[in-house]
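*Asks:* File follows, model-v5.cif with mmCIF, C-alpha atoms:
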data_entry
loop_
_atom_site.label_atom_id
_atom_site.label_comp_id
_atom_site.auth_asym_id
_atom_site.auth_seq_id
_atom_site.Cartn_x
_atom_site.Cartn_y
_atom_site.Cartn_z
CA MET A 1 -22.89 -5.41 22.94
CA PRO A 2 -20.16 -5.35 20.28
CA ASN A 3 -18.12 -2.23 19.59
CA MET A 4 -19.82 -0.84 16.46
CA ASN A 5 -17.04 1.54 15.46
CA PRO A 6 -16.90 1.18 11.63
CA LYS A 7 -13.12 1.54 11.51
CA LYS A 8 -10.25 -0.59 12.79
CA LEU A 9 -8.25 0.75 15.68
CA PRO A 10 -5.15 2.30 14.01
CA MET A 11 -1.84 0.55 14.46
CA PRO A 12 0.76 2.65 16.34
CA GLU A 13 3.75 3.20 14.05
CA GLN A 14 7.14 4.89 13.96
CA ASP A 15 7.11 8.32 12.35
CA PRO A 16 8.02 7.91 8.62
CA LYS A 17 10.78 10.55 8.78
CA GLU A 18 12.46 8.63 11.60
CA ARG A 19 11.89 5.06 10.49
CA ASN A 20 13.28 5.56 6.98
CA HIS A 21 16.69 5.96 8.63
CA ASN A 22 16.55 2.89 10.90
CA PHE A 23 15.72 -0.82 10.73
CA LYS A 24 13.54 -0.93 13.85
CA GLU A 25 10.07 -2.42 13.41
CA VAL A 26 7.67 0.05 11.78
CA ALA A 27 4.46 -1.19 13.42
CA GLU A 28 4.68 -0.95 17.20
CA GLY A 29 1.76 -3.22 18.07
CA TYR A 30 -1.46 -2.84 20.05
CA THR A 31 -1.45 -2.36 23.80
CA ALA A 32 -3.61 -4.74 25.85
CA GLU A 33 -6.31 -2.07 26.14
CA MET A 34 -6.29 -1.48 22.38
CA ALA A 35 -6.51 -5.22 21.67
CA VAL A 36 -9.52 -5.64 23.94
CA GLU A 37 -11.21 -2.66 22.30
CA GLU A 38 -10.61 -3.93 18.76
CA ALA A 39 -11.66 -7.47 19.70
CA GLY A 40 -14.97 -6.01 20.80
CA ARG A 41 -15.74 -5.18 17.16
CA CYS A 42 -16.10 -8.90 16.34
CA LEU A 43 -19.77 -9.89 15.95
CA GLN A 44 -19.07 -13.54 16.86
CA CYS A 45 -20.89 -14.73 13.73
CA LYS A 46 -22.57 -18.14 13.93
CA ASN A 47 -21.19 -18.89 10.47
CA PRO A 48 -17.77 -17.17 10.56
CA LYS A 49 -16.66 -16.71 6.96
CA CYS A 50 -13.32 -15.36 8.15
CA VAL A 51 -12.23 -18.89 9.12
CA ALA A 52 -12.76 -20.11 5.57
CA GLY A 53 -10.52 -17.27 4.37
CA CYS A 54 -7.64 -18.41 6.59
CA PRO A 55 -5.25 -20.89 4.89
CA VAL A 56 -4.80 -22.80 8.17
CA ASN A 57 -8.38 -22.29 9.45
CA ILE A 58 -7.56 -20.55 12.72
CA HIS A 59 -10.58 -20.51 15.05
CA ILE A 60 -10.84 -16.76 14.64
CA PRO A 61 -14.04 -15.86 16.56
CA GLU A 62 -12.93 -18.02 19.48
CA PHE A 63 -9.50 -16.44 19.84
CA ILE A 64 -10.89 -12.92 19.39
CA GLY A 65 -13.56 -13.68 21.99
CA ALA A 66 -10.83 -14.65 24.43
CA VAL A 67 -8.98 -11.40 23.69
CA ALA A 68 -12.18 -9.40 24.33
CA GLU A 69 -12.38 -11.08 27.74
CA GLY A 70 -8.74 -10.25 28.47
CA ASP A 71 -7.77 -13.95 28.50
CA PHE A 72 -4.72 -13.64 26.27
CA ALA A 73 -3.20 -16.98 27.31
CA ARG A 74 -6.32 -18.85 26.15
CA ALA A 75 -6.34 -16.82 22.93
CA TYR A 76 -2.78 -18.02 22.25
CA GLU A 77 -3.75 -21.64 22.88
CA ILE A 78 -6.64 -21.33 20.42
CA ILE A 79 -4.44 -19.82 17.68
CA SER A 80 -1.54 -22.22 18.15
CA ASP A 81 -3.92 -25.17 17.83
CA THR A 82 -3.75 -24.67 14.05
CA ASN A 83 -0.97 -22.12 13.44
CA ALA A 84 2.65 -22.85 14.31
CA LEU A 85 3.89 -19.31 13.59
CA PRO A 86 1.33 -16.74 14.81
CA ALA A 87 3.85 -13.96 15.55
CA VAL A 88 5.07 -14.30 11.95
CA SER A 89 1.74 -14.58 10.17
CA GLY A 90 0.26 -11.79 12.29
CA ARG A 91 2.89 -9.52 10.73
CA VAL A 92 3.39 -10.64 7.14
CA CYS A 93 0.28 -12.64 6.16
CA PRO A 94 -1.89 -10.76 3.61
CA GLN A 95 -4.96 -10.71 5.87
CA GLU A 96 -6.68 -8.11 3.69
CA SER A 97 -7.09 -10.69 0.92
CA GLN A 98 -7.72 -13.69 3.19
CA CYS A 99 -9.51 -13.73 6.56
CA GLU A 100 -10.30 -10.01 6.73
CA ALA A 101 -11.61 -9.99 3.16
CA LEU A 102 -14.52 -12.15 4.32
CA CYS A 103 -15.25 -10.38 7.63
CA VAL A 104 -18.89 -9.24 7.85
CA ARG A 105 -17.80 -5.96 9.47
CA GLY A 106 -16.04 -5.13 6.21
CA ILE A 107 -19.33 -4.85 4.28
CA LYS A 108 -20.29 -1.45 5.71
CA GLY A 109 -16.95 -0.41 7.18
CA GLU A 110 -13.54 -1.87 7.89
CA PRO A 111 -13.11 -5.54 8.88
CA VAL A 112 -11.96 -6.54 12.33
CA ALA A 113 -8.15 -6.23 12.54
CA ILE A 114 -7.66 -10.00 12.76
CA GLY A 115 -3.98 -9.90 11.84
CA ARG A 116 -3.16 -7.19 14.35
CA LEU A 117 -4.92 -9.13 17.09
CA GLU A 118 -3.09 -12.33 16.16
CA ARG A 119 0.20 -10.46 16.34
CA PHE A 120 -0.74 -8.96 19.72
CA VAL A 121 -1.62 -12.36 21.20
CA ALA A 122 1.61 -13.98 19.97
CA ASP A 123 3.73 -11.08 21.23
CA TRP A 124 1.95 -11.03 24.60
CA TYR A 125 2.61 -14.74 25.03
CA ARG A 126 6.29 -14.43 24.08
CA GLU A 127 6.82 -11.48 26.43
CA ASN A 128 4.82 -12.79 29.39
CA VAL A 129 4.91 -16.59 29.24
CA ASN A 130 7.08 -18.02 26.45
CA ALA A 131 6.95 -21.50 27.89
CA MET A 132 9.07 -23.89 25.88
CA PRO A 133 7.22 -27.03 24.76
CA LYS A 134 8.15 -30.36 26.32
CA ARG A 135 9.79 -32.97 24.15
CA PRO A 136 7.33 -35.80 23.51
CA GLU A 137 8.25 -39.46 23.77
CA SER A 138 9.86 -40.73 20.59
CA ASN A 139 7.80 -42.97 18.32
CA GLY A 140 11.01 -44.46 16.92
CA HIS A 141 10.75 -42.97 13.42
CA LYS A 142 13.08 -40.44 11.77
CA VAL A 143 12.13 -37.80 9.20
CA ALA A 144 14.35 -35.28 7.43
CA VAL A 145 13.02 -31.81 6.63
CA VAL A 146 14.90 -29.84 3.98
CA GLY A 147 14.62 -26.07 4.33
CA SER A 148 13.79 -24.07 7.45
CA GLY A 149 11.42 -21.47 6.02
CA PRO A 150 7.70 -21.36 6.88
CA ALA A 151 6.95 -24.75 5.26
CA GLY A 152 9.91 -26.52 6.87
CA LEU A 153 9.38 -24.98 10.31
CA THR A 154 5.70 -25.93 10.30
CA CYS A 155 6.33 -29.48 9.10
CA ALA A 156 9.13 -30.04 11.63
CA SER A 157 6.93 -28.71 14.43
CA ASP A 158 3.95 -30.89 13.56
CA LEU A 159 6.10 -34.03 13.21
CA ALA A 160 8.04 -33.41 16.42
CA LYS A 161 4.82 -32.96 18.40
CA GLN A 162 3.77 -36.43 17.19
CA GLY A 163 6.99 -38.00 18.47
CA TYR A 164 9.02 -38.18 15.26
CA GLU A 165 12.76 -37.60 15.45
CA VAL A 166 13.27 -34.72 13.04
CA GLY A 167 16.43 -33.52 11.35
CA LEU A 168 15.98 -29.99 9.93
CA PHE A 169 18.54 -29.04 7.27
CA GLU A 170 19.21 -25.40 6.34
CA ALA A 171 21.61 -24.17 3.64
CA PHE A 172 22.39 -20.86 5.36
CA HIS A 173 24.15 -20.36 8.70
CA VAL A 174 20.91 -19.35 10.45
CA ALA A 175 17.56 -21.19 10.45
CA GLY A 176 14.44 -19.39 9.24
CA GLY A 177 14.66 -19.43 5.46
CA VAL A 178 12.95 -16.52 3.72
CA LEU A 179 11.81 -15.22 7.11
CA VAL A 180 15.42 -14.25 7.91
CA TYR A 181 17.04 -13.71 4.50
CA GLY A 182 14.12 -12.13 2.66
CA ILE A 183 11.95 -10.13 5.05
CA PRO A 184 13.58 -7.03 6.58
CA GLU A 185 13.96 -6.44 10.29
CA PHE A 186 11.56 -3.49 10.13
CA ARG A 187 8.75 -5.85 9.06
CA LEU A 188 9.72 -9.02 10.95
CA PRO A 189 12.32 -8.83 13.75
CA LYS A 190 14.76 -11.74 13.58
CA ALA A 191 14.43 -12.37 17.33
CA ILE A 192 10.86 -13.56 16.69
CA VAL A 193 12.02 -16.17 14.19
CA ALA A 194 14.88 -17.22 16.47
CA ASN A 195 12.36 -17.82 19.27
CA GLU A 196 10.33 -20.13 17.00
CA VAL A 197 13.48 -22.12 16.16
CA LYS A 198 14.23 -22.34 19.89
CA LYS A 199 10.79 -23.92 20.41
CA LEU A 200 11.56 -26.49 17.72
CA GLU A 201 14.82 -27.43 19.42
CA ALA A 202 12.93 -27.81 22.71
CA LEU A 203 10.69 -30.32 20.93
CA GLY A 204 13.80 -32.29 20.01
CA VAL A 205 14.30 -31.13 16.43
CA ASP A 206 17.96 -31.39 15.37
CA VAL A 207 18.65 -28.16 13.43
CA GLU A 208 21.63 -28.50 11.09
CA THR A 209 22.70 -25.28 9.36
CA ASP A 210 25.28 -24.80 6.57
CA THR A 211 23.95 -27.94 4.89
CA VAL A 212 23.07 -27.64 1.20
CA VAL A 213 21.01 -30.72 0.39
CA GLY A 214 21.86 -31.68 -3.17
CA LYS A 215 25.50 -30.64 -2.66
CA THR A 216 26.62 -31.19 0.95
CA CYS A 217 24.57 -34.38 0.94
CA SER A 218 21.91 -35.88 -1.31
CA ILE A 219 18.36 -37.03 -0.63
CA ASP A 220 19.58 -40.59 -1.16
CA GLU A 221 22.26 -40.10 1.49
CA LEU A 222 19.65 -38.88 3.97
CA PHE A 223 17.81 -42.17 3.51
CA GLU A 224 21.11 -44.02 4.00
CA GLU A 225 21.56 -42.17 7.30
CA GLY A 226 18.35 -43.73 8.62
CA TYR A 227 15.71 -41.17 7.73
CA GLU A 228 12.55 -42.99 6.65
CA ALA A 229 10.98 -40.03 4.85
CA VAL A 230 12.08 -36.64 3.54
CA PHE A 231 10.03 -33.44 3.32
CA ILE A 232 11.33 -30.84 0.86
CA GLY A 233 10.46 -27.28 1.83
CA SER A 234 13.35 -25.56 0.07
CA GLY A 235 11.28 -22.65 -1.21
CA ALA A 236 11.69 -20.65 -4.40
CA GLY A 237 14.92 -18.69 -4.17
CA LEU A 238 16.12 -18.62 -7.79
CA PRO A 239 15.76 -15.04 -9.07
CA MET A 240 14.45 -14.05 -12.48
CA PHE A 241 15.91 -11.38 -14.74
CA MET A 242 14.57 -9.45 -17.75
CA GLY A 243 17.23 -10.42 -20.26
CA ILE A 244 17.88 -6.80 -21.25
CA PRO A 245 21.32 -5.30 -22.09
CA GLY A 246 23.38 -4.27 -19.08
CA GLU A 247 22.13 -6.76 -16.49
CA SER A 248 25.70 -8.03 -15.94
CA LEU A 249 27.00 -4.61 -14.90
CA SER A 250 28.36 -4.02 -11.41
CA GLY A 251 25.57 -2.49 -9.37
CA VAL A 252 22.82 -4.75 -10.68
CA TYR A 253 21.38 -7.00 -7.97
CA SER A 254 18.62 -9.52 -7.73
CA ALA A 255 16.30 -8.58 -4.88
CA ASN A 256 17.17 -11.92 -3.24
CA GLU A 257 20.89 -11.14 -3.17
CA TYR A 258 20.35 -7.57 -2.03
CA LEU A 259 17.99 -8.54 0.79
CA THR A 260 20.15 -11.49 1.87
CA ARG A 261 23.19 -9.23 2.24
CA ILE A 262 21.15 -6.80 4.35
CA ASN A 263 18.86 -9.07 6.36
CA LEU A 264 20.86 -12.24 6.95
CA MET A 265 24.40 -10.90 6.62
CA LYS A 266 23.69 -7.60 8.44
CA ALA A 267 25.20 -5.27 5.80
CA TYR A 268 23.25 -2.39 7.36
CA LYS A 269 24.97 -2.75 10.73
CA ALA A 270 28.27 -1.24 11.78
CA GLY A 271 30.87 -3.89 12.52
CA TYR A 272 29.79 -6.31 9.78
CA ASP A 273 32.06 -6.78 6.76
CA THR A 274 29.32 -7.81 4.31
CA PRO A 275 29.93 -5.81 1.12
CA ILE A 276 27.07 -3.78 -0.30
CA LYS A 277 27.22 -0.76 -2.59
CA GLN A 278 26.55 2.62 -0.99
CA CYS A 279 24.24 4.02 -3.66
CA ARG A 280 23.22 7.54 -4.56
CA SER A 281 20.08 6.57 -6.50
CA VAL A 282 18.50 3.11 -6.88
CA ALA A 283 15.88 1.72 -9.24
CA VAL A 284 13.87 -1.27 -7.99
CA VAL A 285 12.18 -3.05 -10.88
CA GLY A 286 8.95 -4.82 -9.87
CA GLY A 287 5.75 -4.25 -7.93
CA GLY A 288 5.48 -7.04 -5.37
CA ASN A 289 6.17 -7.22 -1.64
CA VAL A 290 9.80 -8.16 -2.29
CA ALA A 291 10.21 -5.03 -4.41
CA MET A 292 8.80 -2.93 -1.54
CA ASP A 293 11.18 -4.61 0.91
CA ALA A 294 14.20 -3.95 -1.32
CA ALA A 295 13.15 -0.33 -1.97
CA ARG A 296 12.60 0.41 1.70
CA CYS A 297 15.96 -1.15 2.61
CA ALA A 298 17.75 0.94 -0.02
CA LYS A 299 16.06 4.06 1.36
CA ARG A 300 17.29 3.24 4.85
CA LEU A 301 20.82 2.88 3.47
CA GLY A 302 20.66 6.49 2.27
CA ALA A 303 19.71 6.23 -1.41
CA GLU A 304 17.03 8.03 -3.39
CA VAL A 305 14.77 5.19 -4.51
CA HIS A 306 12.54 4.69 -7.54
CA VAL A 307 10.14 1.74 -7.86
CA VAL A 308 9.77 1.06 -11.58
CA TYR A 309 6.66 -0.93 -12.47
CA ARG A 310 5.19 -1.53 -15.91
CA ARG A 311 1.54 -1.46 -14.84
CA SER A 312 -0.49 0.99 -12.73
CA GLU A 313 -0.75 1.00 -8.95
CA ALA A 314 -4.11 -0.80 -9.13
CA GLU A 315 -2.34 -3.85 -10.62
CA MET A 316 0.55 -3.94 -8.16
CA PRO A 317 0.68 -7.31 -6.35
CA ALA A 318 2.27 -5.79 -3.23
CA ARG A 319 0.13 -5.38 -0.14
CA VAL A 320 -1.61 -2.01 0.04
CA GLU A 321 -0.05 -1.49 3.46
CA GLU A 322 3.48 -1.98 2.09
CA VAL A 323 2.92 0.47 -0.78
CA HIS A 324 1.46 2.99 1.69
CA HIS A 325 4.46 2.66 4.00
CA ALA A 326 6.90 3.01 1.10
CA LYS A 327 5.22 6.22 -0.06
CA GLU A 328 5.26 7.62 3.48
CA GLU A 329 9.00 6.94 3.62
CA GLY A 330 9.69 9.04 0.52
CA ILE A 331 10.07 6.37 -2.16
CA HIS A 332 9.20 7.45 -5.71
CA PHE A 333 6.90 5.34 -7.88
CA ASP A 334 7.53 5.36 -11.62
CA LEU A 335 4.41 3.54 -12.77
CA LEU A 336 3.52 2.46 -16.32
CA THR A 337 7.27 2.39 -16.93
CA ASN A 338 9.44 -0.48 -18.16
CA PRO A 339 13.25 -0.80 -18.40
CA VAL A 340 14.73 -1.53 -21.83
CA GLU A 341 18.46 -1.22 -21.06
CA ILE A 342 20.79 -0.67 -18.11
CA LEU A 343 23.48 1.83 -19.02
CA GLY A 344 27.07 1.45 -17.90
CA ASP A 345 30.43 3.19 -17.84
CA GLY A 346 33.58 1.34 -16.88
CA GLY A 347 31.51 -1.75 -16.09
CA LYS A 348 29.35 0.08 -13.54
CA VAL A 349 25.72 1.21 -13.65
CA VAL A 350 25.25 4.89 -14.57
CA GLY A 351 21.58 4.91 -15.60
CA MET A 352 18.59 2.92 -16.81
CA LYS A 353 16.84 3.52 -20.11
CA CYS A 354 13.06 3.14 -19.76
CA ILE A 355 9.95 3.44 -21.90
CA ARG A 356 6.48 4.62 -20.92
CA MET A 357 3.60 2.12 -21.06
CA GLU A 358 -0.16 2.20 -21.37
CA LEU A 359 -2.63 -0.52 -20.39
CA GLY A 360 -4.29 -2.58 -23.11
CA GLU A 361 -6.57 -5.61 -22.95
CA PRO A 362 -6.39 -8.08 -20.01
CA ASP A 363 -3.85 -10.91 -20.31
CA ALA A 364 -4.12 -14.51 -19.04
CA SER A 365 -3.69 -13.31 -15.43
CA GLY A 366 -6.71 -11.02 -15.75
CA ARG A 367 -4.60 -7.89 -15.45
CA ARG A 368 -4.53 -5.38 -18.29
CA ARG A 369 -1.52 -5.98 -20.52
CA PRO A 370 1.02 -3.13 -20.66
CA VAL A 371 1.83 -1.81 -24.14
CA GLU A 372 4.80 0.38 -25.05
CA ILE A 373 4.21 4.00 -26.09
CA ALA A 374 6.38 4.63 -29.16
CA GLY A 375 8.94 7.40 -28.78
CA SER A 376 8.52 7.73 -25.00
CA GLU A 377 12.01 6.51 -23.99
CA PHE A 378 13.89 8.34 -21.23
CA VAL A 379 16.86 7.71 -18.94
CA LEU A 380 16.51 7.33 -15.18
CA ASP A 381 19.60 8.62 -13.37
CA VAL A 382 20.60 5.75 -11.05
CA ASP A 383 23.82 4.03 -10.00
CA ALA A 384 22.24 0.71 -8.94
CA VAL A 385 19.38 -1.48 -10.14
CA ILE A 386 17.58 -4.15 -8.08
CA MET A 387 15.60 -6.68 -10.10
CA SER A 388 12.52 -7.93 -8.24
CA LEU A 389 10.69 -9.89 -10.93
CA GLY A 390 9.82 -13.05 -9.03
CA THR A 391 11.60 -16.29 -8.20
CA SER A 392 11.39 -19.99 -8.98
CA PRO A 393 12.56 -23.13 -7.13
CA ASN A 394 16.29 -23.81 -7.26
CA PRO A 395 16.99 -26.84 -9.52
CA LEU A 396 19.69 -28.31 -7.25
CA ILE A 397 17.56 -30.85 -5.36
CA ARG A 398 15.51 -32.06 -8.31
CA SER A 399 18.62 -32.40 -10.48
CA THR A 400 20.38 -34.59 -7.89
CA THR A 401 17.42 -36.77 -6.88
CA PRO A 402 16.47 -39.62 -9.26
CA GLY A 403 12.72 -40.11 -9.65
CA LEU A 404 11.80 -36.59 -8.52
CA GLU A 405 9.72 -34.93 -11.26
CA ALA A 406 9.17 -31.20 -11.71
CA THR A 407 6.96 -28.97 -13.83
CA LYS A 408 8.28 -26.75 -16.65
CA LYS A 409 8.53 -23.93 -14.11
CA GLY A 410 10.71 -26.05 -11.82
CA CYS A 411 8.07 -26.77 -9.18
CA LEU A 412 8.00 -30.28 -7.73
CA VAL A 413 5.14 -32.45 -8.99
CA VAL A 414 2.85 -33.71 -6.21
CA GLU A 415 -0.23 -35.88 -6.10
CA ASP A 416 -3.75 -34.67 -5.31
CA ASP A 417 -2.95 -34.67 -1.58
CA GLY A 418 -0.62 -31.73 -2.25
CA VAL A 419 2.51 -33.24 -0.64
CA THR A 420 3.37 -36.68 -2.10
CA THR A 421 6.03 -36.41 -4.81
CA THR A 422 6.88 -38.85 -7.60
CA ARG A 423 9.72 -40.32 -5.52
CA GLU A 424 8.69 -42.84 -2.86
CA GLY A 425 9.22 -41.57 0.67
CA VAL A 426 9.75 -37.97 -0.49
CA PHE A 427 7.19 -35.29 0.23
CA ALA A 428 7.19 -31.56 -0.50
CA GLY A 429 5.31 -28.36 0.25
CA GLY A 430 5.42 -24.58 0.25
CA ASP A 431 6.99 -22.58 -2.57
CA ALA A 432 8.97 -25.62 -3.79
CA VAL A 433 5.58 -26.95 -4.98
CA THR A 434 3.50 -23.83 -5.65
CA GLY A 435 6.20 -21.49 -6.88
CA ALA A 436 6.74 -18.14 -5.16
CA ALA A 437 3.66 -17.43 -3.04
CA THR A 438 2.71 -16.61 0.57
#
Could you write out this structure as structure tokens?

*Replies:*
Amino acid sequence: MPNMNPKKLPMPEQDPKERNHNFKEVAEGYTAEMAVEEAGRCLQCKNPKCVAGCPVNIHIPEFIGAVAEGDFARAYEIISDTNALPAVSGRVCPQESQCEALCVRGIKGEPVAIGRLERFVADWYRENVNAMPKRPESNGHKVAVVGSGPAGLTCASDLAKQGYEVGLFEAFHVAGGVLVYGIPEFRLPKAIVANEVKKLEALGVDVETDTVVGKTCSIDELFEEGYEAVFIGSGAGLPMFMGIPGESLSGVYSANEYLTRINLMKAYKAGYDTPIKQCRSVAVVGGGNVAMDAARCAKRLGAEVHVVYRRSEAEMPARVEEVHHAKEEGIHFDLLTNPVEILGDGGKVVGMKCIRMELGEPDASGRRRPVEIAGSEFVLDVDAVIMSLGTSPNPLIRSTTPGLEATKKGCLVVEDDGVTTTREGVFAGGDAVTGAAT
């Protein structure tokens, strides 16, 4: 008989008053006993809607069934049949709007904790088995993969398993893309990403860091080097700004720059020379997951933090879990508030002028459009501002590759198959095609 508890088994977590001073992982993970108990809540539906909600169609009932039986090794095999990065997606995938949103148990209670179970299985395998894959026999063909984020890692893995010789090119000095420069250690430990890269190298993938395709070398030069096809998975790392007065002041960061200095360049660790401002009070402008990451990092570096968002909490695109954690950690939310000017003195940020908003009619996105309330201006006392307003694909590759077409928003144009670009032999995927997404 299934476990009919209407609620998920809670995730063990660090105490908020302790974790907001360190960069250790917040969620501590299920024990084996907890995983078996939670897996027992799965009804093993004959028509599992949860699978349809998963972007990579993991065989969810099957892997959860294996967990319920205590066969964690088989559960890992089932997951990894369709998902190359289970330890990553089990942590940062928005399960509440994907697989878990369609779980039958969620109709009269809480859905099965699919993401937490996926994370448990991946962690159990890494800690107890962690067998490196064997390099398959080469099929004699070479493919270049540009970018080592989720799209590039997955593509390189799938190709290598089929015998292709893969060259993986990363602009930064460490492979992992947004997983290492964008997502903080307290949400996704870097050792997990490093282990995935190690598996790729075991498959024979040649990982080349410090290589900016479009500058260090071009797509055309990759073909000249013997690569027969190129996959572009360079993501969407170009930050957006508001265009308001004061954005050029010292102390104004894009969230991408701020998080890269902290996550990839270890600005939060003693012994690293990466410069980052020690702030008294920080405003993070935006309401997405990246805004939550930046705010929670700033808090851990000792600042008082305000998240400034022009709509209400109901419209915030960030995961409910991330907003909840941020509130627990003492971060202030200034909702229905929009910046109009960043104030400076001597070239440095000394405050941010804001205006109160109210919600009007829905806009094209379906969310109610914020409208300014006349005469409601006020100044927020801050000495740094982090802009987290979204990102778009960097134009470097498309501007240096003849025949590669892009949309007005800078995303690469692909055919109906979702990967074939307008340049023969060049394919693309991930945020470089969709724009900033999951």

*Asks:* Compare A:Pro370, A:Ala175, A:Ser312, A:His332 by their minimum atom-to-atom distance to Lys190 (chain A), counting only C-alpha atoms, and give me the closest one.

*Replies:*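 Ranked by minimum distance to Lys190 (chain A), first place goes to A:Ala175.
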
*Asks:* For Leu301 (chain A), which residue out of A:Arg187, A:Arg19, A:Arg119, A:Lys8 is the nearest one, using all atoms listed in the file?

*Replies:*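 With all atoms listed in the file as the atom set, the closest residue is A:Arg19.
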
*Asks:* Once the PyMOL selection byres ((chain A and resi 340) around 9) has been evaluated on this model, what residues remain selected, and can you format them as an mmCIF file with C-alpha atoms, in the coordinates of the input?

*Replies:*
data_model
loop_
_atom_site.group_PDB
_atom_site.id
_atom_site.type_symbol
_atom_site.label_atom_id
_atom_site.label_comp_id
_atom_site.auth_asym_id
_atom_site.auth_seq_id
_atom_site.Cartn_x
_atom_site.Cartn_y
_atom_site.Cartn_z
ATOM 1 C CA MET A 242 14.570 -9.450 -17.750
ATOM 2 C CA ILE A 244 17.880 -6.800 -21.250
ATOM 3 C CA PRO A 245 21.320 -5.300 -22.090
ATOM 4 C CA ASN A 338 9.440 -0.480 -18.160
ATOM 5 C CA PRO A 339 13.250 -0.800 -18.400
ATOM 6 C CA GLU A 341 18.460 -1.220 -21.060
ATOM 7 C CA ILE A 342 20.790 -0.670 -18.110
ATOM 8 C CA MET A 352 18.590 2.920 -16.810
ATOM 9 C CA LYS A 353 16.840 3.520 -20.110
ATOM 10 C CA CYS A 354 13.060 3.140 -19.760
ATOM 11 C CA ILE A 355 9.950 3.440 -21.900
ATOM 12 C CA GLU A 377 12.010 6.510 -23.990
#

*Asks:* Running the PyMOL selection byres ((chain A and resi 196-205) around 10) on this model by hand, what would come out? Give it as a VMD selection string.

*Replies:* chain A and resid 84 to 88 126 130 to 138 144 to 145 148 153 to 154 156 to 168 174 to 176 191 to 195 206 to 208

*Asks:* Mind checking which residues fall within 7 Å of Gly287 (chain A), counting all atoms listed in the file, ignoring those fewer than 2 positions away in the same chain, and posting them as a PyMOL selection string?

*Replies:* chain A and resi 289+291+309+316-318

*Asks:* Could you take the residues named above and write them with C-alpha atoms, as a short mmCIF file (atom, residue, chain, number, x, y, z; two decimals), keeping the file's coordinate frame?

*Replies:*
data_model
loop_
_atom_site.label_atom_id
_atom_site.label_comp_id
_atom_site.auth_asym_id
_atom_site.auth_seq_id
_atom_site.Cartn_x
_atom_site.Cartn_y
_atom_site.Cartn_z
CA ASN A 289 6.17 -7.22 -1.64
CA ALA A 291 10.21 -5.03 -4.41
CA TYR A 309 6.66 -0.93 -12.47
CA MET A 316 0.55 -3.94 -8.16
CA PRO A 317 0.68 -7.31 -6.35
CA ALA A 318 2.27 -5.79 -3.23
#

*Asks:* Just the residues within 12 Å of Ala73 (chain A), please, counting only C-alpha atoms, with nothing from its chain fewer than 5 positions along; format it as an mmCIF file with C-alpha atoms, keeping the file's coordinate frame.

*Replies:*
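Once everything was written out, this is selection08.cif:
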data_model
loop_
_atom_site.group_PDB
_atom_site.id
_atom_site.type_symbol
_atom_site.label_atom_id
_atom_site.label_comp_id
_atom_site.auth_asym_id
_atom_site.auth_seq_id
_atom_site.Cartn_x
_atom_site.Cartn_y
_atom_site.Cartn_z
ATOM 1 C CA PHE A 63 -9.500 -16.440 19.840
ATOM 2 C CA ILE A 64 -10.890 -12.920 19.390
ATOM 3 C CA ALA A 66 -10.830 -14.650 24.430
ATOM 4 C CA VAL A 67 -8.980 -11.400 23.690
ATOM 5 C CA ILE A 78 -6.640 -21.330 20.420
ATOM 6 C CA ILE A 79 -4.440 -19.820 17.680
ATOM 7 C CA SER A 80 -1.540 -22.220 18.150
ATOM 8 C CA PHE A 120 -0.740 -8.960 19.720
ATOM 9 C CA VAL A 121 -1.620 -12.360 21.200
ATOM 10 C CA ALA A 122 1.610 -13.980 19.970
ATOM 11 C CA ASP A 123 3.730 -11.080 21.230
ATOM 12 C CA TRP A 124 1.950 -11.030 24.600
ATOM 13 C CA TYR A 125 2.610 -14.740 25.030
ATOM 14 C CA ARG A 126 6.290 -14.430 24.080
ATOM 15 C CA GLU A 127 6.820 -11.480 26.430
ATOM 16 C CA ASN A 128 4.820 -12.790 29.390
ATOM 17 C CA VAL A 129 4.910 -16.590 29.240
ATOM 18 C CA ASN A 130 7.080 -18.020 26.450
ATOM 19 C CA ALA A 131 6.950 -21.500 27.890
#

*Asks:* Evaluating the PyMOL selection byres ((chain A and resi 110-115) around 10) on the displayed file yields which residues, as a VMD selection string?

*Replies:* chain A and resid 5 to 11 35 38 to 43 50 60 to 61 63 to 64 86 to 87 89 to 96 99 to 109 116 to 121

*Asks:* When you count only C-alpha atoms, which of these residues is closest to Thr400 (chain A): A:Lys215, A:His306, A:Lys327, A:Lys299?

*Replies:*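 Smallest separation from Thr400 (chain A) among the options: A:Lys215.
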
*Asks:* Select, from A:Gly29, A:Gly182, A:Gly177, A:Gly430, the residue with the minimum atom-to-atom distance to Ser388 (chain A), counting all atoms listed in the file.

*Replies:*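 Of the candidates, the smallest distance to Ser388 (chain A) is held by A:Gly182.
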
*Asks:* Just the number, please: distance in Å from CA of Ile183 (chain A) to CA of Met292 (chain A), one decimal.

*Replies:* 10.3 Å

*Asks:* Between CA of Gly147 (chain A) and CA of Gly237 (chain A), what is the distance in Å, rounded to a tenth?

*Replies:*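 Separation between CA of Gly147 (chain A) and CA of Gly237 (chain A): 11.3 Å.
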